[in-house]
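Content type mmCIF, C-alpha atoms and all ligand atoms, from the file my_file_28.cif:
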```
data_input
#
loop_
_atom_site.label_atom_id
_atom_site.label_comp_id
_atom_site.auth_asym_id
_atom_site.auth_seq_id
_atom_site.Cartn_x
_atom_site.Cartn_y
_atom_site.Cartn_z
CA ARG A 1 5.29 9.63 -34.08
CA LYS A 2 3.44 9.55 -30.77
CA SER A 3 4.98 7.57 -27.94
CA THR A 4 2.86 4.66 -26.75
CA ALA A 5 2.17 3.59 -23.18
CA ILE A 6 0.20 0.65 -21.84
CA ILE A 7 -1.53 1.29 -18.51
CA THR A 8 -3.19 -1.59 -16.67
CA GLY A 9 -6.31 -0.76 -14.68
CA ALA A 10 -6.89 2.48 -16.55
CA SER A 11 -10.66 2.33 -16.00
CA SER A 12 -10.57 3.98 -12.60
CA GLY A 13 -8.68 6.11 -10.10
CA VAL A 14 -4.93 6.59 -10.53
CA GLY A 15 -4.73 4.60 -13.80
CA LEU A 16 -7.53 6.54 -15.49
CA GLN A 17 -6.02 9.88 -14.53
CA ALA A 18 -2.57 8.70 -15.60
CA ALA A 19 -4.03 7.77 -19.00
CA LYS A 20 -5.60 11.21 -19.27
CA ALA A 21 -2.40 12.98 -18.19
CA LEU A 22 -0.28 11.05 -20.70
CA ALA A 23 -2.79 11.72 -23.50
CA ASP A 24 -2.59 15.43 -22.56
CA LEU A 25 1.19 15.19 -22.99
CA GLY A 26 0.70 13.83 -26.51
CA TRP A 27 1.10 10.11 -25.80
CA TYR A 28 -0.98 7.32 -27.28
CA VAL A 29 -2.38 5.22 -24.44
CA VAL A 30 -3.40 1.59 -24.52
CA MET A 31 -5.84 1.16 -21.66
CA ALA A 32 -5.52 -2.46 -20.49
CA CYS A 33 -8.78 -3.12 -18.66
CA ARG A 34 -11.22 -5.84 -17.67
CA ASP A 35 -14.39 -3.84 -18.36
CA ILE A 36 -14.36 -2.41 -21.88
CA GLU A 37 -17.73 -0.61 -21.72
CA LYS A 38 -16.85 1.10 -18.44
CA THR A 39 -13.45 2.13 -19.80
CA LYS A 40 -15.05 3.62 -22.94
CA ARG A 41 -17.41 5.62 -20.78
CA VAL A 42 -14.87 6.95 -18.28
CA ALA A 43 -12.32 7.81 -20.99
CA GLN A 44 -14.96 10.04 -22.56
CA GLU A 45 -16.01 11.46 -19.20
CA VAL A 46 -12.48 12.66 -18.43
CA GLY A 47 -12.23 14.12 -21.93
CA MET A 48 -9.58 11.94 -23.58
CA PRO A 49 -9.51 12.70 -27.33
CA ALA A 50 -10.83 9.71 -29.31
CA ASP A 51 -7.59 9.32 -31.27
CA SER A 52 -5.41 9.31 -28.15
CA TYR A 53 -6.23 5.84 -26.86
CA ASN A 54 -7.28 2.29 -27.49
CA ILE A 55 -8.82 -0.18 -25.04
CA ILE A 56 -7.68 -3.80 -24.91
CA TYR A 57 -9.18 -6.42 -22.65
CA ILE A 58 -7.07 -7.92 -19.89
CA ASP A 59 -7.95 -9.83 -16.75
CA LEU A 60 -4.75 -9.68 -14.76
CA ALA A 61 -5.94 -12.49 -12.51
CA SER A 62 -5.87 -14.87 -15.49
CA LEU A 63 -2.53 -15.90 -16.94
CA GLN A 64 -4.19 -16.88 -20.20
CA SER A 65 -5.82 -13.47 -20.48
CA VAL A 66 -2.44 -11.77 -19.91
CA ARG A 67 -0.95 -13.82 -22.76
CA GLU A 68 -3.87 -12.97 -25.03
CA PHE A 69 -3.53 -9.29 -24.22
CA VAL A 70 0.06 -9.37 -25.46
CA LYS A 71 -1.11 -10.86 -28.79
CA TYR A 72 -3.80 -8.21 -29.19
CA PHE A 73 -1.34 -5.46 -28.40
CA ARG A 74 1.18 -6.76 -30.95
CA ALA A 75 -1.57 -6.92 -33.57
CA LEU A 76 -1.86 -3.11 -33.31
CA SER A 77 1.70 -2.91 -34.74
CA ARG A 78 2.56 -0.08 -32.43
CA PRO A 79 5.90 0.24 -30.71
CA LEU A 80 5.85 0.09 -26.92
CA ASP A 81 7.63 2.91 -25.12
CA ALA A 82 6.25 2.56 -21.60
CA LEU A 83 4.43 -0.07 -19.57
CA VAL A 84 2.66 1.05 -16.40
CA CYS A 85 1.59 -1.74 -14.01
CA ASN A 86 -1.14 -0.05 -12.03
CA ALA A 87 -4.16 -2.35 -11.64
CA ALA A 88 -4.77 -3.73 -8.17
CA ILE A 89 -7.44 -5.05 -5.87
CA TYR A 90 -7.74 -4.57 -2.14
CA MET A 91 -10.40 -6.60 -0.34
CA PRO A 92 -9.95 -5.93 3.38
CA LEU A 93 -13.20 -7.49 4.57
CA LEU A 94 -12.83 -10.93 3.03
CA LYS A 95 -13.08 -13.77 5.53
CA GLU A 96 -12.03 -16.46 3.08
CA PRO A 97 -9.70 -16.19 0.09
CA LEU A 98 -11.05 -15.85 -3.44
CA TRP A 99 -9.27 -17.84 -6.15
CA SER A 100 -8.07 -16.86 -9.61
CA PRO A 101 -8.86 -18.98 -12.71
CA ASP A 102 -5.39 -20.53 -12.23
CA GLY A 103 -6.17 -21.45 -8.62
CA TYR A 104 -4.12 -18.74 -6.90
CA GLU A 105 -5.28 -16.34 -4.18
CA LEU A 106 -6.91 -13.48 -6.08
CA THR A 107 -5.09 -10.46 -4.59
CA MET A 108 -1.62 -11.88 -5.20
CA ALA A 109 -2.69 -13.25 -8.60
CA THR A 110 -3.98 -9.87 -9.78
CA ASN A 111 -1.51 -7.45 -8.24
CA HIS A 112 1.70 -9.46 -8.56
CA LEU A 113 1.56 -12.64 -10.66
CA GLY A 114 -0.41 -11.17 -13.61
CA HIS A 115 1.90 -8.17 -13.74
CA PHE A 116 5.00 -10.33 -13.33
CA LEU A 117 4.01 -12.32 -16.43
CA LEU A 118 3.05 -9.19 -18.35
CA CYS A 119 6.41 -7.51 -17.58
CA ASN A 120 8.33 -10.57 -18.71
CA LEU A 121 6.36 -10.92 -21.94
CA MET A 122 6.59 -7.23 -22.81
CA LEU A 123 10.32 -6.83 -22.23
CA ASP A 124 11.02 -7.63 -25.88
CA ASP A 125 8.58 -4.95 -27.00
CA LEU A 126 10.18 -2.37 -24.69
CA LYS A 127 13.65 -3.32 -25.95
CA GLN A 128 12.56 -2.40 -29.47
CA SER A 129 11.26 1.03 -28.48
CA ALA A 130 12.85 3.83 -30.49
CA VAL A 131 12.19 6.20 -27.59
CA LYS A 132 15.17 6.14 -25.26
CA PRO A 133 14.87 5.39 -22.48
CA ALA A 134 11.84 3.09 -22.53
CA LYS A 135 10.13 2.85 -19.15
CA LEU A 136 8.57 0.15 -17.04
CA VAL A 137 6.78 1.60 -14.02
CA ILE A 138 5.11 -0.40 -11.23
CA LEU A 139 2.86 1.30 -8.70
CA GLY A 140 4.03 0.94 -5.11
CA THR A 141 2.51 2.14 -1.87
CA VAL A 142 3.60 3.51 1.48
CA THR A 143 1.84 0.62 3.21
CA HIS A 144 4.58 -1.69 1.89
CA ASN A 145 6.93 -0.05 4.38
CA PRO A 146 6.58 -0.41 8.17
CA ASN A 147 9.42 2.12 8.63
CA GLU A 148 7.10 4.86 7.32
CA LEU A 149 4.22 6.40 9.27
CA GLY A 150 1.64 5.22 6.73
CA GLY A 151 3.00 1.68 6.89
CA LYS A 152 2.99 1.13 10.64
CA ILE A 153 -0.62 0.01 11.00
CA PRO A 154 -0.81 -3.79 11.33
CA PRO A 155 -0.94 -6.27 9.77
CA ARG A 156 2.53 -5.72 8.38
CA PRO A 157 3.65 -7.26 5.13
CA ASP A 158 5.86 -10.29 5.60
CA LEU A 159 6.86 -12.62 2.77
CA GLY A 160 8.53 -14.97 5.23
CA ASN A 161 10.65 -17.37 3.27
CA LEU A 162 8.03 -17.53 0.51
CA GLN A 163 6.89 -20.92 1.78
CA GLY A 164 3.41 -20.51 0.23
CA PHE A 165 4.89 -19.86 -3.23
CA ALA A 166 7.40 -22.68 -2.82
CA ALA A 167 4.52 -25.07 -2.02
CA GLY A 168 2.84 -24.21 -5.35
CA PHE A 169 0.51 -21.48 -3.97
CA LYS A 170 -2.70 -23.44 -4.54
CA ALA A 171 -5.35 -24.19 -1.90
CA PRO A 172 -4.95 -24.63 1.00
CA TYR A 173 -2.10 -22.10 0.52
CA SER A 174 -3.41 -18.56 0.13
CA MET A 175 -0.56 -16.46 1.53
CA ILE A 176 2.95 -16.12 0.17
CA ASP A 177 4.44 -16.98 3.58
CA GLY A 178 2.25 -20.09 3.86
CA LYS A 179 0.36 -18.73 6.89
CA ALA A 180 -3.37 -18.19 7.46
CA PHE A 181 -5.34 -15.94 5.08
CA GLU A 182 -5.32 -12.24 5.99
CA PRO A 183 -6.70 -10.04 3.19
CA VAL A 184 -5.04 -6.74 4.19
CA LYS A 185 -1.69 -8.47 4.51
CA ALA A 186 -2.28 -10.15 1.13
CA TYR A 187 -2.54 -6.69 -0.44
CA LYS A 188 0.56 -5.37 1.33
CA ASP A 189 2.54 -8.53 0.52
CA SER A 190 1.58 -8.14 -3.15
CA LYS A 191 2.83 -4.55 -3.16
CA VAL A 192 6.16 -5.66 -1.63
CA CYS A 193 6.32 -8.18 -4.50
CA ASN A 194 5.71 -5.33 -6.96
CA ILE A 195 8.75 -3.43 -5.66
CA LEU A 196 10.96 -6.53 -5.48
CA THR A 197 9.98 -7.31 -9.09
CA MET A 198 10.89 -3.80 -10.20
CA ARG A 199 14.27 -4.03 -8.48
CA GLU A 200 15.01 -7.46 -9.91
CA LEU A 201 14.01 -6.31 -13.40
CA HIS A 202 16.50 -3.50 -12.95
CA ARG A 203 19.25 -5.83 -11.78
CA ARG A 204 18.71 -8.28 -14.62
CA TYR A 205 17.95 -6.01 -17.52
CA HIS A 206 18.78 -2.36 -17.03
CA ALA A 207 22.45 -2.45 -18.05
CA SER A 208 21.86 -4.62 -21.11
CA THR A 209 18.69 -2.92 -22.39
CA GLY A 210 18.77 0.67 -21.12
CA ILE A 211 15.15 0.29 -20.03
CA ILE A 212 14.35 2.33 -16.92
CA PHE A 213 12.54 0.34 -14.26
CA ASN A 214 11.01 2.19 -11.35
CA SER A 215 8.16 2.46 -8.86
CA LEU A 216 6.36 5.28 -7.20
CA TYR A 217 4.11 6.09 -4.31
CA PRO A 218 1.59 8.55 -5.77
CA GLY A 219 0.36 9.72 -2.34
CA CYS A 220 -2.77 8.71 -0.48
CA VAL A 221 -5.49 8.82 -3.11
CA ALA A 222 -8.23 8.25 -0.58
CA THR A 223 -11.20 8.70 -2.93
CA THR A 224 -10.50 5.91 -5.43
CA ALA A 225 -12.48 2.73 -5.90
CA LEU A 226 -9.59 0.83 -4.30
CA PHE A 227 -11.52 1.24 -1.07
CA ARG A 228 -14.83 0.07 -2.57
CA ASN A 229 -14.69 -3.14 -0.59
CA HIS A 230 -14.25 -1.38 2.74
CA TYR A 231 -16.94 -0.39 5.26
CA PRO A 232 -19.06 2.55 3.98
CA LYS A 233 -18.03 4.56 7.07
CA PHE A 234 -14.38 4.05 6.19
CA GLN A 235 -15.03 5.26 2.66
CA LYS A 236 -16.66 8.41 4.03
CA TYR A 237 -14.16 9.35 6.72
CA PHE A 238 -10.84 8.11 5.29
CA PRO A 239 -10.55 10.98 2.72
CA LEU A 240 -11.41 13.55 5.41
CA PHE A 241 -8.90 12.03 7.82
CA GLN A 242 -6.19 12.13 5.14
CA LYS A 243 -7.12 15.67 4.11
CA TYR A 244 -7.38 17.35 7.48
CA ILE A 245 -5.44 15.21 9.96
CA THR A 246 -2.51 13.49 8.25
CA GLY A 247 -2.22 15.86 5.27
CA GLY A 248 -1.56 12.83 3.08
CA PHE A 249 -4.51 13.36 0.73
CA VAL A 250 -3.80 13.50 -3.00
CA SER A 251 -6.49 14.01 -5.64
CA GLU A 252 -6.94 11.41 -8.36
CA GLU A 253 -5.91 14.00 -10.94
CA LEU A 254 -2.65 14.78 -9.16
CA SER A 255 -1.83 11.11 -8.63
CA GLY A 256 -2.31 10.54 -12.38
CA GLN A 257 -0.08 13.48 -13.21
CA ARG A 258 2.61 12.03 -10.95
CA VAL A 259 2.49 8.71 -12.79
CA ALA A 260 2.67 10.55 -16.11
CA GLN A 261 5.68 12.54 -14.89
CA VAL A 262 7.53 9.38 -13.91
CA VAL A 263 6.76 7.94 -17.36
CA ALA A 264 7.45 10.97 -19.52
CA GLU A 265 9.81 13.43 -17.83
CA PRO A 266 13.58 13.18 -18.30
CA ASP A 267 14.06 14.02 -14.59
CA PHE A 268 12.78 10.54 -13.76
CA ALA A 269 15.37 8.62 -15.75
CA GLN A 270 16.91 6.74 -12.80
CA SER A 271 16.43 3.00 -12.85
CA GLY A 272 15.83 0.69 -9.89
CA VAL A 273 14.40 3.41 -7.66
CA TYR A 274 11.16 4.24 -5.85
CA TRP A 275 9.84 7.79 -6.21
CA SER A 276 7.82 9.55 -3.58
CA TRP A 277 6.46 13.00 -2.86
CA GLY A 278 6.38 12.25 0.86
CA ASN A 279 3.47 11.56 3.15
CA ARG A 280 2.48 15.14 3.80
CA GLN A 281 1.67 17.03 0.67
CA LYS A 282 3.72 20.17 1.03
CA LYS A 283 3.08 22.96 -1.42
CA ASN A 284 5.37 22.70 -4.45
CA GLY A 285 6.68 19.46 -2.97
CA GLN A 286 9.25 17.83 -5.22
CA ALA A 287 9.65 14.16 -5.96
CA PHE A 288 12.58 12.38 -4.34
CA VAL A 289 14.03 8.90 -4.41
CA GLN A 290 12.86 7.16 -1.26
CA LYS A 291 14.42 4.19 0.45
CA VAL A 292 12.21 1.10 0.24
CA SER A 293 11.50 -1.13 3.25
CA THR A 294 14.14 -3.58 4.44
CA GLN A 295 12.14 -6.44 2.97
CA ALA A 296 11.54 -4.75 -0.39
CA GLY A 297 15.26 -3.95 -0.52
CA ASP A 298 16.36 -7.54 0.12
CA ASP A 299 18.22 -8.71 -3.01
CA ALA A 300 18.19 -12.40 -2.09
CA LYS A 301 14.43 -12.23 -1.59
CA ALA A 302 14.04 -10.53 -4.97
CA VAL A 303 15.86 -13.42 -6.67
CA ARG A 304 13.84 -16.06 -4.84
CA LEU A 305 10.58 -14.26 -5.61
CA TRP A 306 11.57 -14.05 -9.26
CA GLU A 307 12.37 -17.74 -9.56
CA LEU A 308 9.24 -18.94 -7.77
CA SER A 309 7.03 -16.48 -9.68
CA GLU A 310 8.47 -17.77 -12.98
CA GLN A 311 7.29 -21.24 -12.03
CA LEU A 312 3.84 -20.09 -10.88
CA VAL A 313 3.14 -18.17 -14.11
CA GLY A 314 4.49 -20.96 -16.32
CA LEU A 315 7.63 -19.25 -17.63
CA LYS A 316 9.82 -22.06 -16.31
P1 LIG B 1 -8.87 1.66 -8.27
O1 LIG B 1 -9.64 0.59 -7.58
O2 LIG B 1 -9.56 2.98 -8.51
O3 LIG B 1 -8.33 1.13 -9.67
C1 LIG B 1 -7.84 -0.15 -9.81
C2 LIG B 1 -7.86 -0.53 -11.26
O4 LIG B 1 -7.43 -1.87 -11.39
C3 LIG B 1 -9.26 -0.46 -11.89
O5 LIG B 1 -9.15 0.02 -13.20
C4 LIG B 1 -9.68 -1.92 -11.89
O6 LIG B 1 -10.63 -2.25 -12.88
C5 LIG B 1 -8.35 -2.57 -12.19
N1 LIG B 1 -8.37 -4.01 -11.93
C6 LIG B 1 -8.63 -4.65 -10.77
N2 LIG B 1 -8.57 -5.98 -10.95
C7 LIG B 1 -8.26 -6.19 -12.25
C8 LIG B 1 -8.06 -7.35 -13.05
N3 LIG B 1 -8.21 -8.60 -12.56
N4 LIG B 1 -7.75 -7.18 -14.35
C9 LIG B 1 -7.64 -5.95 -14.88
N5 LIG B 1 -7.80 -4.81 -14.17
C10 LIG B 1 -8.12 -4.94 -12.87
O7 LIG B 1 -7.55 1.84 -7.41
P2 LIG B 1 -6.42 2.98 -7.40
O8 LIG B 1 -6.51 3.82 -8.61
O9 LIG B 1 -6.46 3.62 -6.06
O10 LIG B 1 -5.11 2.09 -7.42
C11 LIG B 1 -4.23 2.04 -8.53
C12 LIG B 1 -2.84 1.67 -8.06
O11 LIG B 1 -2.36 2.68 -7.19
C13 LIG B 1 -2.75 0.34 -7.32
O12 LIG B 1 -1.59 -0.34 -7.76
C14 LIG B 1 -2.60 0.76 -5.87
O13 LIG B 1 -1.88 -0.20 -5.13
C15 LIG B 1 -1.80 2.04 -6.05
N6 LIG B 1 -1.91 2.95 -4.91
C16 LIG B 1 -3.11 3.52 -4.56
C17 LIG B 1 -3.16 4.36 -3.46
C18 LIG B 1 -4.43 4.99 -3.03
O14 LIG B 1 -4.43 5.65 -2.00
N7 LIG B 1 -5.54 4.84 -3.73
C19 LIG B 1 -1.97 4.66 -2.67
C20 LIG B 1 -0.77 4.01 -3.13
C21 LIG B 1 -0.76 3.20 -4.22
P3 LIG B 1 -12.22 -2.00 -12.68
O15 LIG B 1 -12.45 -0.54 -12.97
O16 LIG B 1 -12.82 -2.89 -13.72
O17 LIG B 1 -12.56 -2.38 -11.28
#
```

Could you render the structure from this file as structure tokens?
Ligand code: NDP
Amino acid sequence: RKSTAIITGASSGVGLQAAKALADLGWYVVMACRDIEKTKRVAQEVGMPADSYNIIYIDLASLQSVREFVKYFRALSRPLDALVCNAAIYMPLLKEPLWSPDGYELTMATNHLGHFLLCNLMLDDLKQSAVKPAKLVILGTVTHNPNELGGKIPPRPDLGNLQGFAAGFKAPYSMIDGKAFEPVKAYKDSKVCNILTMRELHRRYHASTGIIFNSLYPGCVATTALFRNHYPKFQKYFPLFQKYITGGFVSEELSGQRVAQVVAEPDFAQSGVYWSWGNRQKKNGQAFVQKVSTQAGDDAKAVRLWELSEQLVGLK
């Protein structure tokens, strides 16, 4: 039988190309997306064979929608062999926070809390996978890490002592550290949460389930819609800057192939790690396990994030 992967945010950019790359490798892909018509269209545009995928609605910002997605997926009666948490929003120009249906700041709700709930609910499905090892992959980014060149530009991510989460994370709280709203930091904080979640999943469940949990930095995919909410000038010059000055530029196709590799190739069977191909895209560059930032490597923070996130998504 075909192996099955769920990819969130498969209607665009990295997720779409990852869906295509996995379908090319013979996988069946469940595209978990918030815009069904768009996803139908782009899946055809990139040439995914009609029998290689299914599209199921999910709004990751809504906890109820995440729970409903799980029911719809189970109704397909397909095993789950890999879950790829890829969807994200980045809204650098916001002056005021936007709020999710549950009353949480939208960036953190979409990128972290929705995925946190989804991972927890789908663990049982992954445990039952006949494909060994099953995989749970969460997209990371270099901007989570101030020790790396790409992560040095302020504002830096800082979860503080998670005061915002501890206070219930509803208005007036919009940031995990309880401080004033800063949309770029909200994105970076959410990506630190993604890596901490991956590491805590590994610590809690790898030994007992055999599931491989990992993250990756696919490279700077400067052309994707992630930057749709940035200044038009930024959208024009950022890809050129990454291509010709930093050498960090990665095409959407290549980023998708990297995700597919991490999901499907036996070489990527280490759990609890963060894969990278480096910041400069050297020819024939190989993937390596990269150290995560001090904050994303903080075990006590991972536990605290886990416990507070459980409360915020209604698991506790
Ligand atoms: P895109 O904006 O192209 O894709 C994001 C995807 O997430 C889209 O499919 C979007 O749906 C979906 N999405 C957003 N909000 C929701 C929601 N509430 N519910 C369901 N789906 C949602 O971005 P990228 O492809 O660039 O980013 C994908 C991942 O890669 C992210 O996790 C990002 O952090 C990571 N990444 C990207 C880098 C880059 O340079 N681009 C670098 C490092 C990491 P829709 O099509 O409907 O908008």

Taking only C-alpha atoms and all ligand atoms into account, list the residues no farther than 7 Å from ligand LIG 1 (chain B), as a PDB file with C-alpha atoms, in the coordinates of the input.
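Contents of out.pdb, freshly written:
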```
ATOM      1  CA  THR A   8      -3.190  -1.590 -16.670  1.00  0.00           C
ATOM      2  CA  GLY A   9      -6.310  -0.760 -14.680  1.00  0.00           C
ATOM      3  CA  ALA A  10      -6.890   2.480 -16.550  1.00  0.00           C
ATOM      4  CA  SER A  11     -10.660   2.330 -16.000  1.00  0.00           C
ATOM      5  CA  SER A  12     -10.570   3.980 -12.600  1.00  0.00           C
ATOM      6  CA  GLY A  13      -8.680   6.110 -10.100  1.00  0.00           C
ATOM      7  CA  VAL A  14      -4.930   6.590 -10.530  1.00  0.00           C
ATOM      8  CA  GLY A  15      -4.730   4.600 -13.800  1.00  0.00           C
ATOM      9  CA  ALA A  32      -5.520  -2.460 -20.490  1.00  0.00           C
ATOM     10  CA  CYS A  33      -8.780  -3.120 -18.660  1.00  0.00           C
ATOM     11  CA  ARG A  34     -11.220  -5.840 -17.670  1.00  0.00           C
ATOM     12  CA  ASP A  35     -14.390  -3.840 -18.360  1.00  0.00           C
ATOM     13  CA  ILE A  58      -7.070  -7.920 -19.890  1.00  0.00           C
ATOM     14  CA  ASP A  59      -7.950  -9.830 -16.750  1.00  0.00           C
ATOM     15  CA  LEU A  60      -4.750  -9.680 -14.760  1.00  0.00           C
ATOM     16  CA  ALA A  61      -5.940 -12.490 -12.510  1.00  0.00           C
ATOM     17  CA  ASN A  86      -1.140  -0.050 -12.030  1.00  0.00           C
ATOM     18  CA  ALA A  87      -4.160  -2.350 -11.640  1.00  0.00           C
ATOM     19  CA  ALA A  88      -4.770  -3.730  -8.170  1.00  0.00           C
ATOM     20  CA  ILE A  89      -7.440  -5.050  -5.870  1.00  0.00           C
ATOM     21  CA  THR A 110      -3.980  -9.870  -9.780  1.00  0.00           C
ATOM     22  CA  LEU A 139       2.860   1.300  -8.700  1.00  0.00           C
ATOM     23  CA  GLY A 140       4.030   0.940  -5.110  1.00  0.00           C
ATOM     24  CA  THR A 141       2.510   2.140  -1.870  1.00  0.00           C
ATOM     25  CA  VAL A 142       3.600   3.510   1.480  1.00  0.00           C
ATOM     26  CA  LYS A 191       2.830  -4.550  -3.160  1.00  0.00           C
ATOM     27  CA  TYR A 217       4.110   6.090  -4.310  1.00  0.00           C
ATOM     28  CA  PRO A 218       1.590   8.550  -5.770  1.00  0.00           C
ATOM     29  CA  GLY A 219       0.360   9.720  -2.340  1.00  0.00           C
ATOM     30  CA  CYS A 220      -2.770   8.710  -0.480  1.00  0.00           C
ATOM     31  CA  VAL A 221      -5.490   8.820  -3.110  1.00  0.00           C
ATOM     32  CA  ALA A 222      -8.230   8.250  -0.580  1.00  0.00           C
ATOM     33  CA  THR A 223     -11.200   8.700  -2.930  1.00  0.00           C
ATOM     34  CA  THR A 224     -10.500   5.910  -5.430  1.00  0.00           C
ATOM     35  CA  ALA A 225     -12.480   2.730  -5.900  1.00  0.00           C
ATOM     36  CA  LEU A 226      -9.590   0.830  -4.300  1.00  0.00           C
ATOM     37  CA  PHE A 227     -11.520   1.240  -1.070  1.00  0.00           C
TER      38      PHE A 227
END
```

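Interatomic distance, atom CA of A:Ala207 to atom CA of A:Lys291: 21.2 Å.
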
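For the pair atom CA of A:Leu106 and atom CA of A:Thr143, the separation is 19.0 Å.
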
Nearest to A:Met122: which of A:Ala260, A:Ala180, A:Leu162, A:Cys85 is it, counting all atoms listed in the file?
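Between A:Ala260, A:Ala180, A:Leu162, A:Cys85, the residue approaching A:Met122 most closely is A:Cys85.
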
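Across the model, the gap from atom CA of A:Lys127 to atom CA of A:Ile211 is 7.1 Å.
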
Around (4.7, -3.3, 4.9) in the file's own coordinates, what residues are found within 7 Å if you use only C-alpha atoms, given back as a list of chain:residue names?
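Those residues, ordered by chain and then number, are A:Thr143, A:His144, A:Asn145, A:Pro146, A:Gly151, A:Arg156, A:Pro157, A:Lys188.
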
From (4.6, 1.0, -31.5), in the file's coordinates, out to 12 Å: which residues are reached, counting all atoms listed in the file? Answer as a list in words.
Arg1, Lys2, Ser3, Thr4, Ala5, Ile6, Trp27, Tyr28, Val29, Val30, Phe73, Arg74, Ala75, Leu76, Ser77, Arg78, Pro79, Leu80, Asp81, Ala82, Leu83, Asp125, Leu126, Lys127, Gln128, Ser129, Ala130, Val131 and Ala134 of chain A

From the options A:His202, A:Lys301, A:His115, A:Lys40, which residue's atoms come nearest to A:Ser65, counting all atoms listed in the file?
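Of the candidates, the smallest distance to A:Ser65 is held by A:His115.
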
Go through A:Gly210, A:Pro232, A:Gly247, A:Pro239 one by one, measure the shortest atom-to-atom distance of each to A:Lys135 using only C-alpha atoms, and give the residue with the smallest value.
A:Gly210

How would stretch 176-193 of chain A look written as a tab-separated table (two decimals), in the first residue's frame with N, CA and C atoms?
```tsv
chain	number	residue	atom	x	y	z
A	176	ILE	N	3.84	35.71	24.12
A	176	ILE	CA	4.07	34.60	25.05
A	176	ILE	C	4.80	35.08	26.31
A	177	ASP	N	5.66	36.10	26.16
A	177	ASP	CA	6.40	36.59	27.33
A	177	ASP	C	5.62	37.67	28.10
A	178	GLY	N	4.39	37.95	27.64
A	178	GLY	CA	3.56	38.91	28.36
A	178	GLY	C	3.87	40.36	28.05
A	179	LYS	N	4.83	40.59	27.11
A	179	LYS	CA	5.22	41.98	26.79
A	179	LYS	C	4.37	42.54	25.65
A	180	ALA	N	4.74	43.75	25.19
A	180	ALA	CA	3.93	44.44	24.18
A	180	ALA	C	3.98	43.72	22.83
A	181	PHE	N	2.92	43.84	22.05
A	181	PHE	CA	2.82	43.14	20.76
A	181	PHE	C	3.91	43.58	19.78
A	182	GLU	N	4.57	42.60	19.18
A	182	GLU	CA	5.60	42.84	18.17
A	182	GLU	C	5.45	41.69	17.17
A	183	PRO	N	4.91	41.98	15.97
A	183	PRO	CA	4.50	40.89	15.07
A	183	PRO	C	5.65	40.02	14.56
A	184	VAL	N	6.82	40.61	14.33
A	184	VAL	CA	7.95	39.81	13.83
A	184	VAL	C	8.43	38.86	14.93
A	185	LYS	N	8.47	39.40	16.15
A	185	LYS	CA	8.86	38.57	17.29
A	185	LYS	C	7.83	37.47	17.52
A	186	ALA	N	6.55	37.80	17.30
A	186	ALA	CA	5.50	36.78	17.48
A	186	ALA	C	5.76	35.58	16.57
A	187	TYR	N	6.16	35.87	15.33
A	187	TYR	CA	6.49	34.78	14.39
A	187	TYR	C	7.69	33.98	14.89
A	188	LYS	N	8.75	34.69	15.26
A	188	LYS	CA	9.97	33.99	15.70
A	188	LYS	C	9.71	33.19	16.98
A	189	ASP	N	8.97	33.79	17.91
A	189	ASP	CA	8.62	33.06	19.14
A	189	ASP	C	7.87	31.78	18.80
A	190	SER	N	6.93	31.89	17.84
A	190	SER	CA	6.13	30.70	17.49
A	190	SER	C	7.01	29.61	16.90
A	191	LYS	N	8.04	30.02	16.16
A	191	LYS	CA	8.93	29.00	15.57
A	191	LYS	C	9.84	28.38	16.64
A	192	VAL	N	10.21	29.14	17.66
A	192	VAL	CA	10.93	28.54	18.79
A	192	VAL	C	10.02	27.51	19.46
A	193	CYS	N	8.73	27.87	19.61
A	193	CYS	CA	7.77	26.92	20.20
A	193	CYS	C	7.67	25.65	19.36
```
